[in-house]
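Have a look at input.cif below; it lists mmCIF, C-alpha atoms.
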```
data_query
loop_
_atom_site.group_PDB
_atom_site.id
_atom_site.type_symbol
_atom_site.label_atom_id
_atom_site.label_comp_id
_atom_site.auth_asym_id
_atom_site.auth_seq_id
_atom_site.Cartn_x
_atom_site.Cartn_y
_atom_site.Cartn_z
ATOM 1 C CA MET D 1 198.976 -118.192 -0.701
ATOM 2 C CA SER D 2 199.352 -121.944 -0.870
ATOM 3 C CA GLU D 3 202.627 -123.621 -1.674
ATOM 4 C CA GLY D 4 201.705 -124.594 -5.219
ATOM 5 C CA GLN D 5 200.652 -121.191 -6.454
ATOM 6 C CA ILE D 6 202.875 -119.015 -8.566
ATOM 7 C CA PHE D 7 202.982 -115.314 -7.894
ATOM 8 C CA THR D 8 203.751 -113.030 -10.814
ATOM 9 C CA ALA D 9 204.944 -109.527 -10.159
ATOM 10 C CA PHE D 10 205.615 -106.847 -12.708
ATOM 11 C CA LEU D 11 208.462 -104.499 -11.967
ATOM 12 C CA HIS D 12 207.937 -101.529 -14.222
ATOM 13 C CA ASN D 13 211.134 -99.694 -13.344
ATOM 14 C CA ASN D 14 213.363 -102.634 -14.336
ATOM 15 C CA ARG D 15 211.073 -103.786 -17.150
ATOM 16 C CA HIS D 16 211.468 -107.408 -16.056
ATOM 17 C CA LEU D 17 208.864 -110.001 -15.253
ATOM 18 C CA ASN D 18 209.701 -111.940 -12.123
ATOM 19 C CA CYS D 19 207.913 -115.208 -11.537
ATOM 20 C CA TYR D 20 208.281 -116.403 -7.976
ATOM 21 C CA SER D 21 207.483 -119.907 -6.907
ATOM 22 C CA MET D 22 206.041 -119.529 -3.437
ATOM 23 C CA ALA D 23 206.883 -123.107 -2.497
ATOM 24 C CA SER D 24 209.810 -121.953 -0.430
ATOM 25 C CA GLU D 25 210.304 -118.464 0.956
ATOM 26 C CA LYS D 26 214.028 -119.085 1.345
ATOM 27 C CA GLN D 27 214.655 -119.926 -2.272
ATOM 28 C CA LYS D 28 212.751 -117.658 -4.645
ATOM 29 C CA SER D 29 213.424 -118.717 -8.175
ATOM 30 C CA MET D 30 212.828 -116.150 -10.852
ATOM 31 C CA ILE D 31 213.053 -115.952 -14.576
ATOM 32 C CA HIS D 32 213.868 -112.625 -16.182
ATOM 33 C CA ILE D 33 212.119 -111.812 -19.440
ATOM 34 C CA ASP D 34 213.457 -109.348 -21.962
ATOM 35 C CA TYR D 35 210.509 -107.214 -23.060
ATOM 36 C CA GLN D 36 212.231 -106.273 -26.300
ATOM 37 C CA ALA D 37 211.765 -109.903 -27.303
ATOM 38 C CA THR D 38 208.006 -109.332 -27.110
ATOM 39 C CA SER D 39 208.032 -106.708 -29.817
ATOM 40 C CA GLY D 40 207.159 -107.874 -33.306
ATOM 41 C CA ALA D 41 210.275 -106.401 -34.877
ATOM 42 C CA LYS D 42 213.250 -108.723 -35.086
ATOM 43 C CA SER D 43 216.610 -107.356 -34.180
ATOM 44 C CA GLN D 44 219.915 -108.448 -35.639
ATOM 45 C CA ASP D 45 220.886 -109.965 -32.295
ATOM 46 C CA ASP D 46 218.330 -112.780 -32.479
ATOM 47 C CA HIS D 47 219.238 -113.939 -35.987
ATOM 48 C CA VAL D 48 221.028 -117.296 -36.060
ATOM 49 C CA ASP D 49 223.458 -117.484 -38.948
ATOM 50 C CA ILE D 50 223.329 -120.689 -40.992
ATOM 51 C CA ARG D 51 227.114 -121.059 -40.699
ATOM 52 C CA LEU D 52 226.757 -121.125 -36.927
ATOM 53 C CA VAL D 53 224.146 -123.903 -37.234
ATOM 54 C CA LYS D 54 226.459 -125.914 -39.486
ATOM 55 C CA LYS D 55 229.271 -125.495 -36.997
ATOM 56 C CA ALA D 56 226.972 -126.521 -34.127
ATOM 57 C CA GLN D 57 225.967 -129.680 -35.980
ATOM 58 C CA GLY D 58 229.608 -130.722 -36.172
ATOM 59 C CA PHE D 59 231.416 -132.954 -33.701
ATOM 60 C CA LEU D 60 233.349 -130.096 -32.085
ATOM 61 C CA GLY D 61 230.510 -127.564 -32.131
ATOM 62 C CA ARG D 62 230.007 -127.088 -28.400
ATOM 63 C CA GLY D 63 230.869 -123.395 -28.524
ATOM 64 C CA ALA D 64 228.502 -122.845 -31.429
ATOM 65 C CA ARG D 65 225.689 -124.644 -29.600
ATOM 66 C CA GLU D 66 226.248 -122.441 -26.549
ATOM 67 C CA GLU D 67 226.191 -119.353 -28.776
ATOM 68 C CA ILE D 68 222.863 -120.434 -30.323
ATOM 69 C CA LEU D 69 221.439 -120.961 -26.834
ATOM 70 C CA ARG D 70 222.636 -117.478 -25.863
ATOM 71 C CA ILE D 71 221.039 -115.924 -28.955
ATOM 72 C CA LEU D 72 217.684 -117.657 -28.404
ATOM 73 C CA ASP D 73 217.645 -117.294 -24.607
ATOM 74 C CA SER D 74 215.391 -114.227 -24.409
ATOM 75 C CA ALA D 75 212.858 -115.773 -26.795
ATOM 76 C CA LEU D 76 212.953 -119.031 -24.791
ATOM 77 C CA ARG D 77 212.307 -117.162 -21.545
ATOM 78 C CA LEU D 78 209.342 -115.362 -23.043
ATOM 79 C CA GLN D 79 207.916 -118.541 -24.540
ATOM 80 C CA SER D 80 208.317 -120.501 -21.298
ATOM 81 C CA GLY D 81 206.437 -117.789 -19.403
ATOM 82 C CA GLU D 82 203.595 -117.872 -21.922
ATOM 83 C CA ILE D 83 203.268 -121.649 -22.001
ATOM 84 C CA ALA D 84 203.529 -122.200 -18.235
ATOM 85 C CA GLN D 85 200.034 -120.724 -17.643
ATOM 86 C CA ARG D 86 200.384 -121.157 -13.888
ATOM 87 C CA LEU D 87 200.365 -124.945 -14.277
ATOM 88 C CA VAL D 88 204.128 -125.459 -14.035
ATOM 89 C CA THR D 89 207.099 -123.243 -13.303
ATOM 90 C CA PRO D 90 208.541 -121.258 -16.204
ATOM 91 C CA GLN D 91 212.032 -122.294 -15.059
ATOM 92 C CA SER D 92 211.326 -125.951 -15.738
ATOM 93 C CA LEU D 93 209.950 -125.117 -19.173
ATOM 94 C CA HIS D 94 213.006 -122.971 -19.904
ATOM 95 C CA ALA D 95 215.237 -125.971 -19.225
ATOM 96 C CA VAL D 96 213.046 -128.113 -21.501
ATOM 97 C CA GLY D 97 213.321 -125.406 -24.157
ATOM 98 C CA GLN D 98 217.108 -125.376 -23.969
ATOM 99 C CA GLN D 99 217.199 -129.140 -24.499
ATOM 100 C CA ALA D 100 214.751 -128.776 -27.391
ATOM 101 C CA VAL D 101 217.018 -126.195 -29.067
ATOM 102 C CA LEU D 102 219.891 -128.670 -28.901
ATOM 103 C CA GLU D 103 217.635 -131.309 -30.484
ATOM 104 C CA ALA D 104 216.516 -128.801 -33.134
ATOM 105 C CA ILE D 105 220.157 -128.233 -34.069
ATOM 106 C CA LYS D 106 220.456 -131.950 -34.835
ATOM 107 C CA LEU D 107 217.191 -132.092 -36.783
ATOM 108 C CA TYR D 108 217.552 -128.908 -38.841
ATOM 109 C CA ARG D 109 218.523 -129.390 -42.475
ATOM 110 C CA VAL D 110 220.260 -126.586 -44.317
ATOM 111 C CA GLY D 111 218.089 -125.398 -47.197
ATOM 112 C CA GLN D 112 214.730 -125.730 -45.438
ATOM 113 C CA LYS D 113 212.066 -123.106 -46.149
ATOM 114 C CA GLU D 114 212.047 -121.685 -42.646
ATOM 115 C CA SER D 115 215.044 -120.170 -40.935
ATOM 116 C CA PHE D 116 216.702 -122.008 -38.082
ATOM 117 C CA ARG D 117 215.233 -119.590 -35.540
ATOM 118 C CA GLU D 118 211.674 -120.257 -36.749
ATOM 119 C CA PHE D 119 212.295 -124.010 -36.843
ATOM 120 C CA ALA D 120 213.831 -124.044 -33.356
ATOM 121 C CA MET D 121 211.095 -121.917 -31.779
ATOM 122 C CA ILE D 122 208.351 -124.138 -33.235
ATOM 123 C CA TYR D 123 210.176 -127.237 -32.006
ATOM 124 C CA THR D 124 210.736 -125.783 -28.511
ATOM 125 C CA ARG D 125 207.107 -124.672 -28.264
ATOM 126 C CA GLN D 126 205.950 -128.230 -28.964
ATOM 127 C CA ALA D 127 208.386 -129.624 -26.396
ATOM 128 C CA MET D 128 207.315 -127.077 -23.758
ATOM 129 C CA VAL D 129 203.597 -127.719 -24.304
ATOM 130 C CA LEU D 130 204.179 -131.465 -24.074
ATOM 131 C CA ALA D 131 206.183 -131.028 -20.849
ATOM 132 C CA ARG D 132 203.523 -128.740 -19.367
ATOM 133 C CA ASN D 133 200.706 -131.131 -20.217
ATOM 134 C CA SER D 134 202.520 -134.183 -18.884
ATOM 135 C CA ALA D 135 203.405 -132.379 -15.638
ATOM 136 C CA ALA D 136 199.959 -130.846 -15.118
ATOM 137 C CA VAL D 137 197.846 -133.940 -15.781
ATOM 138 C CA PRO D 138 198.232 -136.712 -13.203
ATOM 139 C CA ASP D 139 198.437 -140.311 -14.335
ATOM 140 C CA PRO D 140 194.915 -141.785 -14.093
ATOM 141 C CA HIS D 141 196.331 -145.252 -13.363
ATOM 142 C CA ALA D 142 198.528 -144.149 -10.465
ATOM 143 C CA PRO D 143 197.168 -144.926 -6.987
ATOM 144 C CA ARG D 144 195.718 -141.930 -5.225
ATOM 145 C CA PRO D 145 197.583 -141.053 -2.022
ATOM 146 C CA ASP D 146 194.397 -140.315 -0.057
ATOM 147 C CA LEU D 147 193.037 -143.871 -0.465
ATOM 148 C CA PRO D 148 194.242 -146.658 1.862
ATOM 149 C CA PRO D 149 195.749 -149.686 0.146
ATOM 150 C CA GLN D 150 193.271 -152.493 -0.333
ATOM 151 C CA GLN D 151 194.022 -155.926 1.001
ATOM 152 C CA PHE D 152 192.734 -159.052 -0.677
#
```
Encoding of this model in structure tokens:
Amino acid sequence: MSEGQIFTAFLHNNRHLNCYSMASEKQKSMIHIDYQATSGAKSQDDHVDIRLVKKAQGFLGRGAREEILRILDSALRLQSGEIAQRLVTPQSLHAVGQQAVLEAIKLYRVGQKESFREFAMIYTRQAMVLARNSAAVPDPHAPRPDLPPQQF
């Protein structure tokens, strides 16, 4: 396997999806995905209470923001694995998703039609897709490394 390829292995006994970046054999980064997050039924654990969102929007809401990140973590891991599509590492998209959740906390207005969880997951999906596309597509105006510099 080349250095840029991503190897995905399913471990059925642990029910985790491990994504290994084969760039370095010494440091295998993996992202664990909770398969219960893939089921269509929502559990009470992934519901974000509106009071927690209000507290997170406040000046001293660091603990509430961390709690929201903890609640949405399994959904973020699943979404980052889906969006990566072997173009980028799911770990980098997971980090982008965490930052997008923090931005969604700032942008969410109490009383909106959708719940905070729906709003945040839509916002993080857009941020992850944008990050994947910008990382996967090289800049057409950048000089190619295989061409020698031209002298005038």
Compare D:Gln79, D:Thr124, D:Ser115, D:Asn133 by their minimum atom-to-atom distance to D:Val101, counting all atoms listed in the file, and give me the closest one.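 Closest to D:Val101, using all atoms listed in the file: D:Thr124.
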Rank nothing, just name the residue among D:Leu130, D:Ile50, D:Val96, D:Ala135 nearest to D:Tyr108, using all atoms listed in the file. D:Ile50
Given all atoms listed in the file as the counted atoms, nearest of D:Leu102, D:Ala84, D:Leu107, D:Ala75 to D:Arg62: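 Under the stated criterion, the closest residue is D:Leu102.
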Could you state the separation of atom CA of D:Gly97 and atom CA of D:Leu60 in Å, given to one decimal place? 22.0 Å
Within 12 Å of (220.8, -115.2, -31.8) (coordinates as in the file), grab all the protein and nucleic acid residues, counting all atoms listed in the file, and write them out as a ChimeraX atom specification. /D:37,42-50,52-53,64-76,101,115-118,120-121
Hey, can I get the axis-aligned box for stretch 80-89 of chain D? All listed atoms, 8 Å padding on each side, centre and edge lengths in Å to one decimal, as AutoDock Vina command-line options.
```
--center_x 204.2 --center_y -121.6 --center_z -17.7 --size_x 24.3 --size_y 23.7 --size_z 24.7
```
Find the distance between atom CA of D:Thr89 and atom CA of D:Gly63 and write it in Å to one decimal.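 If I compute the distance from atom CA of D:Thr89 to atom CA of D:Gly63, I get 28.2 Å.
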When you draw a straight line from atom CA of D:His94 to atom CA of D:Glu114, how long is it in Å?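 Between these atoms lies a distance of 22.8 Å.
The nearest approach to D:Leu87 among the residues D:Lys54, D:Arg109, D:Glu103, D:Ala131, with all atoms listed in the file taken into account, belongs to D:Ala131.
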Just checking: using only C-alpha atoms, which residue out of D:Ser134, D:His141, D:Ala127, D:Arg51 ends up closest to D:Ser80?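 Residue with the minimum atom-to-atom distance to D:Ser80: D:Ala127.
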